[in-house]
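Participant: Dropping a structure here in structure tokens format, bear with me for questions.
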Amino acid sequence: MTEPVLVVAAAIVDDLDDPRVLLAARRSVPASLAGRWEFPGGKVEAGEDPIEAVHREIGEELGVSLRLGAEVTGPENGSWRLSSTYVMRLWFAELASPDPEPAPLVAHDELRWLGPGQWLSVPWLDADVPIVEAINPWPARASAPGR
Ligand SMILES: Nc1nc2c([nH]c(=O)n2[C@H]2C[C@H](O)[C@@H](COP(=O)(O)OP(=O)(O)OP(=O)(O)O)O2)c(=O)[nH]1
């Protein structure tokens, strides 16, 4: 069996100690994924350290530097399965500096800071939905039994 390709990405929040706002990025390419929202990031290059790859990808895609926090571990040896081809490792992160602000330089056409209770309000890529649900501090309450 071929090894899955490793994607690394960042769940960029306003404050690692008290995350209330999450940055989502809307893909502009490829056409099949355009309009869906994701965690900014990308594929680890051959021989590259995954943490270095996150910093490189975020620099390329958003033009900012990050301070990484805890890894958001998934069910597959700590990774999240994206598809038959890809698995993803994800870290919480905050901006290393307020200036410059992140910008959609490549691969995205819009960035949005999702506020409290809004983290699931955009159409995330299918594989990202369970991840956002796992980190969402405002999980939907089970509907009350009918009377
Ligand atoms: N970056 C990122 N990719 C995701 C997420 N969720 C998800 O299913 N994917 C998929 C989309 C792509 O098929 C694949 C990652 O590819 P990518 O296009 O972001 O990687 P890259 O920046 O290195 O792209 P490229 O230079 O090779 O074109 O993983 C996510 O939250 N972030």
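Chains: A, B, ... in order of the structure tokens. Residues: from 1 per chain. Ligands: from 1, in order shown.
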Name all residues at most 10 Å from segment 43-48 of chain A (count only C-alpha atoms; drop same-chain ones fewer than 4 positions away) and give them as a compact mmCIF listing (two decimals) with N, CA and C atoms, in the first residue's frame.
Facilitator:
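Below is the file that was written, result20.txt:
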```
# COMPACT_ATOMS: atom_id res chain seq x y z
N VAL A 5 -0.09 10.84 1.57
CA VAL A 5 0.64 12.10 1.49
C VAL A 5 0.27 12.94 2.72
N LEU A 6 1.30 13.50 3.37
CA LEU A 6 1.05 14.27 4.59
C LEU A 6 0.83 15.75 4.27
N VAL A 7 -0.32 16.25 4.73
CA VAL A 7 -0.66 17.67 4.64
C VAL A 7 -0.53 18.23 6.06
N VAL A 8 -0.03 19.43 6.20
CA VAL A 8 0.05 20.07 7.52
C VAL A 8 -0.70 21.40 7.43
N ALA A 9 -1.33 21.79 8.53
CA ALA A 9 -2.13 23.01 8.49
C ALA A 9 -2.23 23.61 9.89
N GLU A 52 8.30 22.70 10.25
CA GLU A 52 8.86 23.69 9.31
C GLU A 52 7.93 23.88 8.12
N ALA A 53 7.31 22.79 7.70
CA ALA A 53 6.39 22.88 6.55
C ALA A 53 5.19 23.76 6.87
N VAL A 54 4.66 23.69 8.10
CA VAL A 54 3.53 24.56 8.45
C VAL A 54 3.96 26.02 8.34
N ARG A 56 6.36 27.32 6.60
CA ARG A 56 6.59 27.68 5.20
C ARG A 56 5.26 27.91 4.47
N GLU A 57 4.32 26.96 4.63
CA GLU A 57 3.05 27.07 3.92
C GLU A 57 2.28 28.34 4.33
N TYR A 86 -4.68 11.55 1.17
CA TYR A 86 -4.10 12.52 2.11
C TYR A 86 -4.47 12.27 3.56
N VAL A 87 -3.49 12.49 4.45
CA VAL A 87 -3.78 12.65 5.87
C VAL A 87 -3.24 14.01 6.29
N MET A 88 -3.79 14.56 7.37
CA MET A 88 -3.39 15.91 7.78
C MET A 88 -3.02 15.94 9.26
```
Participant: Could you write out, as a PyMOL selection string, all the residues of chain A that DSSP marks as helix (DSSP H, G or I)?
Facilitator: chain A and resi 50-62+126-135
Participant: Pick out the residues no farther than 6 Å from ligand 1, counting only C-alpha atoms and all ligand atoms, and list them as a tab-separated table (two decimals) with C-alpha atoms, in the first residue's frame.
Facilitator:
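Here's the written file result.tsv:
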```tsv
chain	number	residue	atom	x	y	z
A	7	VAL	CA	-0.66	17.67	4.64
A	9	ALA	CA	-2.13	23.01	8.49
A	38	GLU	CA	-10.22	24.93	5.04
A	39	PHE	CA	-7.34	25.32	7.44
A	40	PRO	CA	-4.50	27.06	5.58
A	41	GLY	CA	-1.57	24.72	4.94
A	42	GLY	CA	-0.35	22.26	2.35
A	43	LYS	CA	1.77	19.26	1.54
A	82	LEU	CA	-8.70	13.62	4.45
A	125	LEU	CA	-14.25	20.86	3.07
A	127	ALA	CA	-13.00	16.12	5.76
A	128	ASP	CA	-12.60	19.26	7.89
```
Participant: Compare A:Val106, A:Ala11, A:Ala24, A:Ser32 by their minimum atom-to-atom distance to Thr73 of chain A, counting only C-alpha atoms, and give me the closest one.
Facilitator: A:Ala11
Participant: A:Ala140, A:Ala107, A:Ile135, A:Ala70: which is nearest Ala25 of chain A, counting only C-alpha atoms?
Facilitator: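 Of A:Ala140, A:Ala107, A:Ile135, A:Ala70, the one nearest Ala25 of chain A, counting only C-alpha atoms, is A:Ala107.
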Participant: State, in Å with one decimal place, the distance from atom CA of Ala10 of chain A to atom CA of Val64 of chain A.
Facilitator: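 Taking atom CA of Ala10 of chain A and atom CA of Val64 of chain A, their separation equals 12.0 Å.
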Participant: Can you tell me how far atom CA of Leu105 of chain A sits from atom CA of Leu33 of chain A, in Å to one decimal?
Facilitator: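 A separation of 17.0 Å between them.
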Participant: Residues of segment 11-76 of chain A in strand (DSSP E or B) according to DSSP, as a list in words?
Facilitator: Ala11, Ile12, Val13, Leu22, Leu23, Ala24, Ala25, Arg26, Arg27, Trp37, Glu38, Gly41, Gly42, Lys43, Leu66, Arg67, Leu68, Gly69, Ala70, Glu71, Val72, Gly74 and Glu76 of chain A
Participant: How would the residues just picked look written out with C-alpha atoms as a PDB file, in the first residue's frame?
Facilitator:
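again30.pdb, written as the output of this step:
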```pdb
ATOM      1  CA  ALA A  11      -5.995  26.297  13.187  1.00  0.00           C
ATOM      2  CA  ILE A  12      -5.161  29.979  13.683  1.00  0.00           C
ATOM      3  CA  VAL A  13      -7.005  31.463  16.639  1.00  0.00           C
ATOM      4  CA  LEU A  22     -10.825  30.940  14.254  1.00  0.00           C
ATOM      5  CA  LEU A  23      -9.384  31.819  10.850  1.00  0.00           C
ATOM      6  CA  ALA A  24     -10.898  29.974   7.891  1.00  0.00           C
ATOM      7  CA  ALA A  25      -9.616  30.221   4.323  1.00  0.00           C
ATOM      8  CA  ARG A  26     -11.756  29.797   1.209  1.00  0.00           C
ATOM      9  CA  ARG A  27     -10.066  27.803  -1.552  1.00  0.00           C
ATOM     10  CA  TRP A  37     -13.278  26.510   3.469  1.00  0.00           C
ATOM     11  CA  GLU A  38     -10.218  24.930   5.036  1.00  0.00           C
ATOM     12  CA  GLY A  41      -1.572  24.725   4.937  1.00  0.00           C
ATOM     13  CA  GLY A  42      -0.348  22.256   2.351  1.00  0.00           C
ATOM     14  CA  LYS A  43       1.769  19.260   1.540  1.00  0.00           C
ATOM     15  CA  LEU A  66       2.890  31.937  13.507  1.00  0.00           C
ATOM     16  CA  ARG A  67       3.445  30.862  17.073  1.00  0.00           C
ATOM     17  CA  LEU A  68       2.348  27.222  17.224  1.00  0.00           C
ATOM     18  CA  GLY A  69       0.407  25.789  20.132  1.00  0.00           C
ATOM     19  CA  ALA A  70      -0.785  22.261  20.819  1.00  0.00           C
ATOM     20  CA  GLU A  71      -1.305  19.781  18.040  1.00  0.00           C
ATOM     21  CA  VAL A  72      -4.942  18.929  17.312  1.00  0.00           C
ATOM     22  CA  GLY A  74      -6.770  13.015  15.134  1.00  0.00           C
ATOM     23  CA  GLU A  76      -5.279   7.994  12.810  1.00  0.00           C
TER      24      GLU A  76
END
```
Participant: Rank nothing, just name the residue among A:Ile58, A:Thr85, A:Glu3, A:Pro75 nearest to Ala134 of chain A, using only C-alpha atoms.
Facilitator: A:Pro75
Participant: Asp15 of chain A: which residues within 9 Å, counting only C-alpha atoms, same-chain residues fewer than 4 positions away excluded, as a list in words?
Facilitator: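 In the requested format, the answer is Pro19, Arg20, Val21, Ala93, Glu94 and Leu95 of chain A.
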Participant: Under the rule that only C-alpha atoms are counted, which of A:Leu120, A:Leu90, A:Val29, A:Leu62 is the nearest residue to Pro137 of chain A?
Facilitator: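 The shortest atom-to-atom distance to Pro137 of chain A comes from A:Leu120.
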Participant: Could you state the separation of atom CA of Phe92 of chain A and atom CA of Asp14 of chain A in Å, given to one decimal place?
Facilitator: 10.2 Å
